[in-house]
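S.K.: File name entry_21.txt; file contents compact mmCIF, C-alpha atoms; full text below.
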```txt
# COMPACT_ATOMS: atom_id res chain seq x y z
CA MET E 1 78.31 109.37 70.85
CA THR E 2 78.26 105.57 70.36
CA VAL E 3 80.47 103.16 72.26
CA VAL E 4 82.66 102.58 69.20
CA GLU E 5 83.10 106.31 68.69
CA LYS E 6 84.12 106.72 72.35
CA ILE E 7 86.69 103.94 72.02
CA LYS E 8 88.03 105.49 68.82
CA SER E 9 88.33 108.85 70.54
CA SER E 10 90.22 107.26 73.44
CA VAL E 11 92.76 105.36 71.33
CA LYS E 12 93.30 108.02 68.66
CA GLU E 13 96.00 109.94 70.55
CA LEU E 14 97.07 107.08 72.82
CA TYR E 15 100.37 107.87 74.52
CA THR E 16 103.14 105.63 73.16
CA GLY E 17 104.44 104.87 76.65
CA TYR E 18 101.20 103.95 78.37
CA PHE E 19 102.47 100.44 79.15
CA ALA E 20 104.49 102.21 81.85
CA ALA E 21 101.30 101.88 83.92
CA VAL E 22 101.65 98.08 83.70
CA MET E 23 105.39 98.32 84.39
CA ALA E 24 104.70 100.42 87.49
CA THR E 25 101.86 98.26 88.79
CA GLY E 26 103.76 95.04 88.07
CA ILE E 27 106.97 96.11 89.80
CA VAL E 28 105.07 97.45 92.83
CA SER E 29 103.42 94.02 93.01
CA ILE E 30 106.84 92.34 92.90
CA ALA E 31 108.30 94.73 95.49
CA LEU E 32 105.36 94.06 97.82
CA ARG E 33 105.81 90.32 97.36
CA LEU E 34 109.55 90.44 98.02
CA THR E 35 108.94 92.35 101.25
CA GLY E 36 106.24 89.97 102.49
CA HIS E 37 103.07 91.98 101.73
CA MET E 38 101.31 89.14 99.90
CA LEU E 39 97.74 90.47 99.98
CA PHE E 40 98.58 93.87 98.51
CA SER E 41 100.93 92.20 96.05
CA THR E 42 98.06 90.04 94.80
CA VAL E 43 95.78 93.08 94.48
CA THR E 44 98.26 95.00 92.31
CA PHE E 45 99.03 91.87 90.28
CA ASP E 46 95.30 91.43 89.64
CA ILE E 47 95.20 95.02 88.39
CA ALA E 48 98.32 94.76 86.22
CA THR E 49 97.24 91.62 84.34
CA PRO E 50 93.91 92.85 82.89
CA LEU E 51 95.41 96.32 82.37
CA TYR E 52 98.07 94.72 80.16
CA ALA E 53 95.38 92.92 78.12
CA VAL E 54 93.26 96.08 77.76
CA LEU E 55 96.24 98.12 76.55
CA VAL E 56 97.26 95.43 74.04
CA VAL E 57 93.76 95.58 72.54
CA ALA E 58 93.78 99.40 72.59
CA TYR E 59 97.10 99.64 70.73
CA LEU E 60 96.00 97.02 68.18
CA LEU E 61 92.80 98.97 67.55
CA ARG E 62 94.86 102.11 67.06
CA VAL E 63 96.93 100.32 64.41
CA VAL E 64 93.74 99.26 62.59
CA TRP E 65 91.86 102.56 62.89
CA PHE E 66 94.66 105.11 62.77
CA PRO E 67 97.67 103.61 60.94
CA LYS E 68 98.90 107.06 59.83
CA LEU E 69 99.05 108.28 63.44
CA VAL E 70 100.88 105.12 64.50
CA TRP E 71 103.41 105.66 61.71
CA ARG E 72 103.75 109.30 62.77
CA ASP E 73 104.72 108.18 66.27
CA LEU E 74 107.05 105.46 64.98
CA THR E 75 108.95 108.09 62.98
CA ASP E 76 109.11 110.67 65.78
CA ALA E 77 112.34 110.42 67.77
CA THR E 78 110.69 112.05 70.79
CA LYS E 79 107.88 109.47 70.94
CA VAL E 80 108.96 106.16 69.40
CA PHE E 81 111.01 105.01 72.39
CA GLY E 82 107.81 104.96 74.42
CA TYR E 83 106.88 101.72 72.69
CA PHE E 84 109.67 99.97 74.61
CA THR E 85 107.38 100.18 77.63
CA PHE E 86 105.49 97.29 76.02
CA VAL E 87 108.65 95.17 76.16
CA ALA E 88 109.36 96.05 79.77
CA ALA E 89 105.73 95.60 80.84
CA THR E 90 105.65 92.17 79.20
CA ASP E 91 108.81 91.03 81.00
CA VAL E 92 107.92 92.57 84.37
CA LEU E 93 104.56 90.82 84.23
CA GLY E 94 106.33 87.61 83.18
CA THR E 95 108.66 87.88 86.19
CA ASP E 96 105.66 88.33 88.49
CA PHE E 97 104.12 85.17 87.00
CA VAL E 98 107.38 83.29 87.65
CA LEU E 99 107.38 84.36 91.29
CA ARG E 100 103.85 82.99 91.56
CA GLY E 101 104.88 79.56 90.28
CA HIS E 102 103.61 79.75 86.69
CA VAL E 103 105.55 78.07 83.87
CA LEU E 104 104.00 78.52 80.42
CA THR E 105 102.71 82.08 80.81
CA PRO E 106 106.13 83.62 81.60
CA LEU E 107 107.68 81.54 78.82
CA TRP E 108 105.32 82.99 76.21
CA LEU E 109 105.67 86.47 77.65
CA GLY E 110 109.44 86.08 77.39
CA VAL E 111 109.16 85.08 73.73
CA ILE E 112 106.93 88.11 73.06
CA GLY E 113 109.40 90.31 74.94
CA VAL E 114 112.42 89.16 72.92
CA ALA E 115 110.57 89.42 69.59
CA SER E 116 109.11 92.87 70.26
CA TRP E 117 112.41 94.22 71.62
CA SER E 118 114.31 92.98 68.54
CA LEU E 119 111.79 94.46 66.09
CA LEU E 120 111.65 97.81 67.87
CA MET E 121 115.38 98.07 68.42
CA TYR E 122 116.40 97.54 64.83
CA PHE E 123 113.51 99.55 63.40
CA ILE E 124 114.52 102.53 65.55
CA LEU E 125 118.19 102.15 64.67
CA VAL E 126 117.37 102.17 60.96
CA PHE E 127 115.09 105.17 61.44
CA LEU E 128 117.71 107.15 63.41
CA VAL E 129 120.56 106.33 61.03
CA PHE E 130 118.79 106.90 57.72
CA TYR E 131 115.75 109.11 58.28
CA ASN E 132 115.89 111.18 61.45
CA THR E 133 116.67 114.87 60.88
CA ASP E 134 115.84 116.30 64.33
CA PRO E 135 118.82 117.78 66.18
CA ILE E 136 119.82 115.98 69.37
CA HIS E 137 118.59 118.70 71.73
CA HIS E 138 115.09 118.44 70.21
CA ALA E 139 114.92 114.67 69.96
CA ILE E 140 116.47 113.17 73.07
CA ASN E 141 114.72 112.83 76.42
CA GLY E 142 114.63 110.42 79.34
CA GLY E 143 112.29 108.13 77.42
CA TRP E 144 115.20 106.97 75.28
CA LEU E 145 116.47 105.02 78.28
CA VAL E 146 113.42 102.75 78.18
CA THR E 147 115.54 100.83 75.65
CA THR E 148 117.82 99.89 78.55
CA VAL E 149 114.83 99.06 80.74
CA GLY E 150 113.49 96.81 77.98
CA VAL E 151 116.68 94.81 77.50
CA GLU E 152 117.38 94.59 81.25
CA SER E 153 113.83 93.33 81.79
CA LEU E 154 114.74 90.45 79.47
CA ALA E 155 117.79 89.75 81.63
CA ALA E 156 115.68 89.83 84.80
CA LEU E 157 113.02 87.51 83.38
CA GLY E 158 115.61 85.09 81.96
CA SER E 159 117.44 84.77 85.29
CA ALA E 160 114.13 84.34 87.13
CA MET E 161 113.16 81.50 84.77
CA ALA E 162 116.43 79.59 85.25
CA ASP E 163 114.99 77.57 88.15
CA THR E 164 111.75 76.94 86.26
CA PHE E 165 113.66 75.31 83.38
CA PRO E 166 116.71 73.71 85.07
CA THR E 167 117.78 71.80 81.94
CA HIS E 168 118.10 75.12 80.11
CA SER E 169 119.40 77.16 83.04
CA ALA E 170 122.92 77.53 81.59
CA GLY E 171 121.58 78.97 78.34
CA LEU E 172 119.10 81.24 80.13
CA LEU E 173 121.82 82.59 82.42
CA LEU E 174 124.21 83.14 79.53
CA ALA E 175 121.54 85.00 77.56
CA SER E 176 120.58 87.00 80.66
CA THR E 177 124.20 87.99 81.23
CA ALA E 178 124.48 89.06 77.59
CA PHE E 179 121.31 91.17 77.82
CA TRP E 180 122.55 92.63 81.12
CA GLY E 181 125.81 93.77 79.51
CA LEU E 182 124.09 95.07 76.39
CA GLY E 183 121.70 97.13 78.49
CA ILE E 184 124.61 98.79 80.27
CA ILE E 185 126.27 99.72 76.97
CA ILE E 186 123.04 101.21 75.62
CA TYR E 187 122.57 103.14 78.86
CA LEU E 188 126.09 104.59 78.77
CA ILE E 189 125.56 105.83 75.20
CA PHE E 190 122.19 107.43 75.85
CA ILE E 191 122.94 108.89 79.27
CA ALA E 192 125.96 110.70 77.79
CA LEU E 193 123.66 112.32 75.21
CA ILE E 194 121.10 113.20 77.90
CA MET E 195 123.74 114.84 80.12
CA TYR E 196 124.99 116.76 77.09
CA ARG E 197 121.43 117.97 76.57
CA PHE E 198 121.21 119.01 80.23
CA PHE E 199 124.52 120.84 80.39
CA PHE E 200 124.89 122.51 77.00
CA HIS E 201 121.37 123.46 75.86
CA SER E 202 118.74 125.61 77.51
CA ILE E 203 116.20 123.70 79.58
CA LYS E 204 112.62 124.83 80.10
CA ALA E 205 110.26 123.50 82.75
CA VAL E 206 108.12 121.79 80.10
CA ASP E 207 111.19 119.89 78.85
CA LEU E 208 111.66 118.09 82.17
CA SER E 209 108.96 115.48 81.71
CA PRO E 210 108.41 112.50 84.08
CA PRO E 211 110.27 110.01 81.80
CA TYR E 212 113.53 111.58 83.03
CA TRP E 213 113.02 109.41 86.12
CA ILE E 214 113.99 106.51 83.86
CA ASN E 215 117.56 107.83 84.28
CA MET E 216 117.36 106.21 87.71
CA GLY E 217 114.91 103.43 86.85
CA ALA E 218 117.20 102.03 84.16
CA MET E 219 119.96 101.65 86.73
CA ALA E 220 117.56 100.11 89.22
CA ILE E 221 116.46 97.35 86.85
CA THR E 222 120.10 96.77 85.84
CA THR E 223 120.90 96.33 89.53
CA LEU E 224 118.00 93.91 89.93
CA ALA E 225 119.08 91.82 86.92
CA GLY E 226 122.72 91.80 88.05
CA SER E 227 121.78 90.85 91.62
CA ARG E 228 119.69 87.93 90.42
CA LEU E 229 122.58 86.68 88.31
CA ILE E 230 124.92 86.91 91.31
CA LEU E 231 122.52 85.13 93.66
CA TYR E 232 121.80 82.22 91.31
CA PRO E 233 123.48 79.19 92.95
CA HIS E 234 124.36 77.06 89.90
CA TRP E 235 126.69 78.86 87.53
CA SER E 236 128.65 77.45 84.59
CA SER E 237 132.46 77.73 84.64
CA PHE E 238 132.41 80.65 82.21
CA LEU E 239 129.83 82.59 84.19
CA LEU E 240 131.75 81.96 87.41
CA LEU E 241 134.68 83.85 85.88
CA THR E 242 132.47 86.88 85.25
CA LYS E 243 130.76 86.82 88.66
CA PRO E 244 133.22 89.20 90.45
CA PHE E 245 132.86 91.71 87.60
CA ILE E 246 129.05 91.51 87.69
CA GLU E 247 129.04 91.88 91.48
CA GLY E 248 131.25 94.97 91.53
CA PHE E 249 129.56 96.60 88.55
CA THR E 250 126.07 95.92 89.97
CA PHE E 251 126.91 97.76 93.18
CA MET E 252 128.44 100.63 91.23
CA LEU E 253 125.30 100.95 89.09
CA TRP E 254 123.11 100.93 92.20
CA VAL E 255 125.19 103.81 93.58
CA TRP E 256 124.79 105.71 90.30
CA GLY E 257 121.04 105.13 90.36
CA SER E 258 120.88 106.31 94.00
CA TRP E 259 122.83 109.44 93.05
CA TRP E 260 120.08 110.38 90.61
CA ILE E 261 117.26 110.44 93.18
CA PRO E 262 118.10 113.77 94.93
CA LEU E 263 118.74 115.43 91.57
CA LEU E 264 115.40 114.23 90.18
CA VAL E 265 113.65 115.53 93.30
CA LEU E 266 115.38 118.91 92.85
CA ILE E 267 114.27 118.96 89.21
CA GLY E 268 110.70 118.39 90.41
CA VAL E 269 110.99 121.25 92.89
CA TRP E 270 112.39 123.52 90.16
CA LYS E 271 109.62 122.53 87.75
CA PHE E 272 106.54 122.62 90.00
CA ILE E 273 107.47 125.07 92.77
CA VAL E 274 109.95 127.54 91.33
CA PHE E 275 108.31 127.78 87.88
CA ARG E 276 104.85 126.83 89.20
CA GLU E 277 104.04 124.42 86.42
CA PRO E 278 100.58 123.00 87.22
CA ILE E 279 100.47 119.45 88.55
CA ARG E 280 97.95 117.40 86.63
CA TYR E 281 97.53 113.75 85.71
CA GLU E 282 99.30 112.58 82.58
CA ALA E 283 100.14 109.08 81.41
CA ALA E 284 103.86 109.86 81.71
CA LEU E 285 103.51 110.02 85.52
CA TRP E 286 103.73 106.23 85.61
CA SER E 287 107.33 106.72 84.51
CA ILE E 288 107.97 108.06 88.03
CA VAL E 289 106.19 105.21 89.80
CA PHE E 290 108.10 102.48 87.97
CA PRO E 291 111.62 103.65 88.95
CA LEU E 292 110.57 103.95 92.61
CA GLY E 293 109.13 100.44 92.61
CA MET E 294 112.10 99.04 90.71
CA TYR E 295 114.57 100.73 93.07
CA THR E 296 112.79 99.05 95.99
CA ALA E 297 112.88 95.58 94.40
CA ALA E 298 116.49 96.04 93.27
CA THR E 299 117.71 97.21 96.68
CA ASP E 300 115.89 94.37 98.45
CA THR E 301 117.40 91.80 96.07
CA MET E 302 120.90 93.31 96.18
CA SER E 303 120.82 93.31 100.00
CA GLN E 304 120.88 89.49 99.88
CA ILE E 305 124.41 89.56 98.44
CA LYS E 306 127.06 88.85 101.05
CA GLY E 307 128.45 92.09 102.48
CA LEU E 308 125.55 94.26 101.26
CA HIS E 309 122.92 93.41 103.89
CA VAL E 310 123.20 96.88 105.38
CA VAL E 311 121.37 98.50 102.43
CA HIS E 312 118.20 96.60 103.37
CA ALA E 313 117.58 99.24 106.05
CA ILE E 314 116.25 101.66 103.41
CA VAL E 315 113.92 99.15 101.72
CA PRO E 316 110.82 99.91 103.88
CA TRP E 317 111.20 103.64 103.14
CA CYS E 318 111.59 102.95 99.43
CA LEU E 319 108.53 100.69 99.46
CA ASP E 320 106.42 103.36 101.15
CA ALA E 321 107.46 105.91 98.53
CA ALA E 322 106.71 103.51 95.66
CA VAL E 323 103.27 102.52 96.99
CA LEU E 324 102.38 106.16 97.73
CA ALA E 325 103.42 107.17 94.20
CA TRP E 326 101.32 104.34 92.73
CA VAL E 327 98.27 105.34 94.78
CA LEU E 328 98.63 109.00 93.75
CA ALA E 329 99.02 108.12 90.07
CA ALA E 330 96.01 105.78 90.20
CA ALA E 331 93.96 108.44 92.01
CA GLY E 332 95.02 111.00 89.42
CA TYR E 333 93.87 108.71 86.62
CA CYS E 334 90.48 108.15 88.29
CA ALA E 335 90.09 111.90 88.86
CA SER E 336 90.90 112.60 85.22
CA LEU E 337 88.15 110.17 84.16
CA LEU E 338 85.65 111.94 86.41
CA LEU E 339 86.63 115.36 85.08
CA ARG E 340 86.31 114.05 81.55
CA ARG E 341 82.78 112.82 82.25
CA GLN E 342 81.70 115.98 84.07
CA PRO E 343 81.33 118.19 80.94
CA GLN E 344 79.21 115.47 79.34
CA ILE E 345 76.94 115.35 82.43
CA LEU E 346 76.64 119.14 82.50
CA ASP E 347 75.88 119.16 78.78
CA ARG E 348 73.08 116.65 79.29
CA LYS E 349 71.61 118.74 82.12
CA THR E 350 71.73 121.87 79.96
CA LYS E 351 69.93 120.10 77.11
CA ALA E 352 67.31 118.81 79.53
CA GLN E 353 66.68 122.33 80.87
CA VAL E 354 66.31 123.71 77.36
CA ARG E 355 63.71 121.09 76.58
```
Starting from the file, give its structure as structure tokens.
M.R.:
Amino acid sequence: MTVVEKIKSSVKELYTGYFAAVMATGIVSIALRLTGHMLFSTVTFDIATPLYAVLVVAYLLRVVWFPKLVWRDLTDATKVFGYFTFVAATDVLGTDFVLRGHVLTPLWLGVIGVASWSLLMYFILVFLVFYNTDPIHHAINGGWLVTTVGVESLAALGSAMADTFPTHSAGLLLASTAFWGLGIIIYLIFIALIMYRFFFHSIKAVDLSPPYWINMGAMAITTLAGSRLILYPHWSSFLLLTKPFIEGFTFMLWVWGSWWIPLLVLIGVWKFIVFREPIRYEAALWSIVFPLGMYTAATDTMSQIKGLHVVHAIVPWCLDAAVLAWVLAAAGYCASLLLRRQPQILDRKTKAQVR
């Protein structure tokens, strides 16, 4: 098999949400940086950046080589929301660049994030309104909430860039506040449908895929975006009026996100221990790593708000869990590559023996 054929084989059935690996690596880098672990933060940042570039090329090649498969995924309500991981990965990486003192790179990443989110959002809305025929209990899953993660990542990046562009800080903060509120509305709509799916339709172990962790991750990034808005020192008169609302709502959303964690752990126990579903590497596992990393960064940032310092006590534990999850997911990916190569090696040895 030639190199081109191997690449084609790899991108043919590329998971729509694979940018979750960049999201996870990027937010772990940010969480490590916020907690003072600069060396490890740099290592994960140096992994996230080329990984983002590689995935961009891979998805573009898939569009060129397999346009029918891409269209199939774009018109599948169970898969299309995975593409929002590109939006979130772009903005998370942009935020990491901001924290490292870059100016132009996060600006262009922000433009790409806004453009891609807008195109995806309205394409999906048109598809769901006019073309989708799948019933709700077949179509909806935790991946739908990546829409909230995508729009909240725009809010987080915009608020982070306010200091970088002080002459435009008022506009950036206003836009960030608007994205923050829109993300909450989208979350409330989708989480109601997801809970309906949980409570009123039969659930099998295979249905409880890793993207359900986004139920918590969406609230974590909303908390992070809200906390950054609250902590920004130079507000306009209009935004000052909304500050008490944002502060109270941000804490409430953090509580709701925290409430999800024990339930998600219990779901994992039910899936892998009670029903003994085999644990194996899959691209969707990065959808568990990202919420853990985001919860760490969000809690650390929120703890800087006056009166909420006490929550910082759990940050080291959260960071350990996020880093451990990232290491396990990365190890699982490396192991899957080795297992994929092993049959080829054995096949070569067999052919050599025959000769």
S.K.: Using only C-alpha atoms, what does the table of range 270-352 of chain E residues within 6 Å of range 27-36 of chain E look like, with each row giving the shortest atom pair and its distance in Å to one decimal, sorted by chain and ascending number, as JSON lines?
M.R.:
```
{"residue": "E:Gly293", "atom": "CA", "partner": "E:Val28", "partner_atom": "CA", "distance": 5.0}
{"residue": "E:Met294", "atom": "CA", "partner": "E:Ile27", "partner_atom": "CA", "distance": 6.0}
{"residue": "E:Ala297", "atom": "CA", "partner": "E:Ala31", "partner_atom": "CA", "distance": 4.8}
```
S.K.: With only C-alpha atoms as the basis for distance, which of E:Phe97, E:Tyr196, E:Asp163, E:Phe84 is at the shortest distance from Leu119 in chain E?
M.R.: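 The closest residue to Leu119 in chain E is E:Phe84.
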S.K.: Residues near range 261-263 of chain E, anyone? I mean within 12 Å using all atoms listed in the file, not counting same-chain ones fewer than 3 positions away, as a tab-separated table (two decimals) with C-alpha atoms, in the coordinates of the input.
M.R.:
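After the write, part15.tsv holds the following:
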```tsv
chain	number	residue	atom	x	y	z
E	212	TYR	CA	113.53	111.58	83.03
E	213	TRP	CA	113.02	109.41	86.12
E	214	ILE	CA	113.99	106.51	83.86
E	215	ASN	CA	117.56	107.83	84.28
E	216	MET	CA	117.36	106.21	87.71
E	217	GLY	CA	114.91	103.43	86.85
E	219	MET	CA	119.96	101.65	86.73
E	220	ALA	CA	117.56	100.11	89.22
E	254	TRP	CA	123.11	100.93	92.20
E	255	VAL	CA	125.19	103.81	93.58
E	256	TRP	CA	124.79	105.71	90.30
E	257	GLY	CA	121.04	105.13	90.36
E	258	SER	CA	120.88	106.31	94.00
E	266	LEU	CA	115.38	118.91	92.85
E	267	ILE	CA	114.27	118.96	89.21
E	268	GLY	CA	110.70	118.39	90.41
E	269	VAL	CA	110.99	121.25	92.89
E	270	TRP	CA	112.39	123.52	90.16
E	288	ILE	CA	107.97	108.06	88.03
E	291	PRO	CA	111.62	103.65	88.95
E	292	LEU	CA	110.57	103.95	92.61
E	295	TYR	CA	114.57	100.73	93.07
E	318	CYS	CA	111.59	102.95	99.43
```
S.K.: Write out as a tab-separated table (two decimals) with C-alpha atoms, in the coordinates of the input each polymer residue whose atoms come within 12 Å of Met121 in chain E, counting all atoms listed in the file; drop sequence neighbours fewer than 2 positions from it.
M.R.:
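And here's result.tsv as it stands now:
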```
chain	number	residue	atom	x	y	z
E	74	LEU	CA	107.05	105.46	64.98
E	80	VAL	CA	108.96	106.16	69.40
E	81	PHE	CA	111.01	105.01	72.39
E	82	GLY	CA	107.81	104.96	74.42
E	83	TYR	CA	106.88	101.72	72.69
E	84	PHE	CA	109.67	99.97	74.61
E	87	VAL	CA	108.65	95.17	76.16
E	113	GLY	CA	109.40	90.31	74.94
E	114	VAL	CA	112.42	89.16	72.92
E	115	ALA	CA	110.57	89.42	69.59
E	116	SER	CA	109.11	92.87	70.26
E	117	TRP	CA	112.41	94.22	71.62
E	118	SER	CA	114.31	92.98	68.54
E	119	LEU	CA	111.79	94.46	66.09
E	123	PHE	CA	113.51	99.55	63.40
E	124	ILE	CA	114.52	102.53	65.55
E	125	LEU	CA	118.19	102.15	64.67
E	126	VAL	CA	117.37	102.17	60.96
E	127	PHE	CA	115.09	105.17	61.44
E	128	LEU	CA	117.71	107.15	63.41
E	144	TRP	CA	115.20	106.97	75.28
E	146	VAL	CA	113.42	102.75	78.18
E	147	THR	CA	115.54	100.83	75.65
E	148	THR	CA	117.82	99.89	78.55
E	150	GLY	CA	113.49	96.81	77.98
E	151	VAL	CA	116.68	94.81	77.50
E	183	GLY	CA	121.70	97.13	78.49
E	186	ILE	CA	123.04	101.21	75.62
```
S.K.: Counting all atoms listed in the file, give me one row per residue of range 6-90 of chain E with an atom at most 12 Å from an atom of range 107-112 of chain E, showing the shortest contact pair and its distance in Å to one decimal, sorted by chain then residue number, as JSON lines.
M.R.:
```
{"residue": "E:Thr49", "atom": "CA", "partner": "E:Leu109", "partner_atom": "CA", "distance": 11.9}
{"residue": "E:Tyr52", "atom": "CA", "partner": "E:Leu109", "partner_atom": "CA", "distance": 11.5}
{"residue": "E:Phe86", "atom": "CA", "partner": "E:Ile112", "partner_atom": "CA", "distance": 9.8}
{"residue": "E:Val87", "atom": "CA", "partner": "E:Ile112", "partner_atom": "CA", "distance": 7.9}
{"residue": "E:Ala88", "atom": "CA", "partner": "E:Gly110", "partner_atom": "CA", "distance": 10.3}
{"residue": "E:Ala89", "atom": "CA", "partner": "E:Leu109", "partner_atom": "CA", "distance": 9.7}
{"residue": "E:Thr90", "atom": "CA", "partner": "E:Leu109", "partner_atom": "CA", "distance": 5.9}
```
S.K.: Rounded to one decimal, what separation in Å do you get between CA of Gln304 in chain E and CA of Leu229 in chain E?
M.R.: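 If I compute the distance from CA of Gln304 in chain E to CA of Leu229 in chain E, I get 12.0 Å.
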S.K.: In Å, rounded to a single decimal, give me how far CA of Asp73 in chain E is from CA of Thr95 in chain E.
M.R.: 28.7 Å
S.K.: Between CA of Met38 in chain E and CA of Met302 in chain E, what is the spacing in Å?
M.R.: 20.4 Å
S.K.: Determine the nearest neighbour of His37 in chain E from the options E:Val323, E:Leu182, E:Val149, E:Leu308, counting all atoms listed in the file.
M.R.: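 Residue with the minimum atom-to-atom distance to His37 in chain E: E:Val323.
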S.K.: With only C-alpha atoms as the basis for distance, which of E:Thr301, E:Phe198, E:His168, E:Tyr187 is at the shortest distance from Ile230 in chain E?
M.R.: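 Answer, going by the shortest atom-to-atom distance: E:Thr301.
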S.K.: I'd like the neighbourhood of Thr299 in chain E as an mmCIF file with C-alpha atoms, in the frame of the given file, where a residue qualifies if any of its atoms comes within 7 Å (using all atoms listed in the file), though same-chain residues fewer than 5 positions away should be ignored.
M.R.:
```cif
data_model
loop_
_atom_site.group_PDB
_atom_site.id
_atom_site.type_symbol
_atom_site.label_atom_id
_atom_site.label_comp_id
_atom_site.auth_asym_id
_atom_site.auth_seq_id
_atom_site.Cartn_x
_atom_site.Cartn_y
_atom_site.Cartn_z
ATOM 1 C CA VAL E 311 121.370 98.500 102.430
ATOM 2 C CA HIS E 312 118.200 96.600 103.370
ATOM 3 C CA VAL E 315 113.920 99.150 101.720
#
```
S.K.: Measuring between only C-alpha atoms, which one of E:Phe245, E:Tyr59, E:Phe238, E:Phe190 shows the shortest distance to Ala218 in chain E?
M.R.: E:Phe190
S.K.: Place a sphere of radius 10 Å on (123.9, 82.9, 79.0) in the file coordinates and name every protein, DNA or RNA residue with an atom inside or on its surface, counting only C-alpha atoms; give the answer as number ranges by chain.
M.R.: E: 155, 158-159, 168-179, 235-236, 238-239
S.K.: Which residues, written as a list in words, have at least one atom at most 10 Å from Tyr333 in chain E, with all atoms listed in the file counted and residues fewer than 6 positions away on the same chain left out?
M.R.: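 Residues near the query, excluding close chain neighbours: Arg280, Tyr281, Glu282, Ala283, Leu285, Val327 and Leu339 of chain E.
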S.K.: For C-alpha atoms, I'd like the residues from the last selection saved as a compact mmCIF listing (two decimals), in the coordinates of the input.
M.R.:
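As a result, out-v9.txt now contains:
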```txt
# COMPACT_ATOMS: atom_id res chain seq x y z
CA ARG E 280 97.95 117.40 86.63
CA TYR E 281 97.53 113.75 85.71
CA GLU E 282 99.30 112.58 82.58
CA ALA E 283 100.14 109.08 81.41
CA LEU E 285 103.51 110.02 85.52
CA VAL E 327 98.27 105.34 94.78
CA LEU E 339 86.63 115.36 85.08
```
S.K.: Smallest atom-to-atom distance to His234 in chain E: which of E:Ala162, E:Ile184, E:Val70, E:Val22, using only C-alpha atoms?
M.R.: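 Nearest to His234 in chain E: E:Ala162.
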S.K.: I'd like to know which of E:Leu51, E:Val57, E:Phe199, E:Met23 is closest to Ile221 in chain E, using only C-alpha atoms.
M.R.: E:Met23
S.K.: Can you tell me, as a list in words, what residues are no more than 8 Å from Val289 in chain E when counting all atoms listed in the file, ignoring any on the same chain fewer than 4 positions away?
M.R.: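 My list of contacting residues is Ala24, Leu285, Gly293, Ala322, Ala325, Trp326 and Ala329 of chain E.
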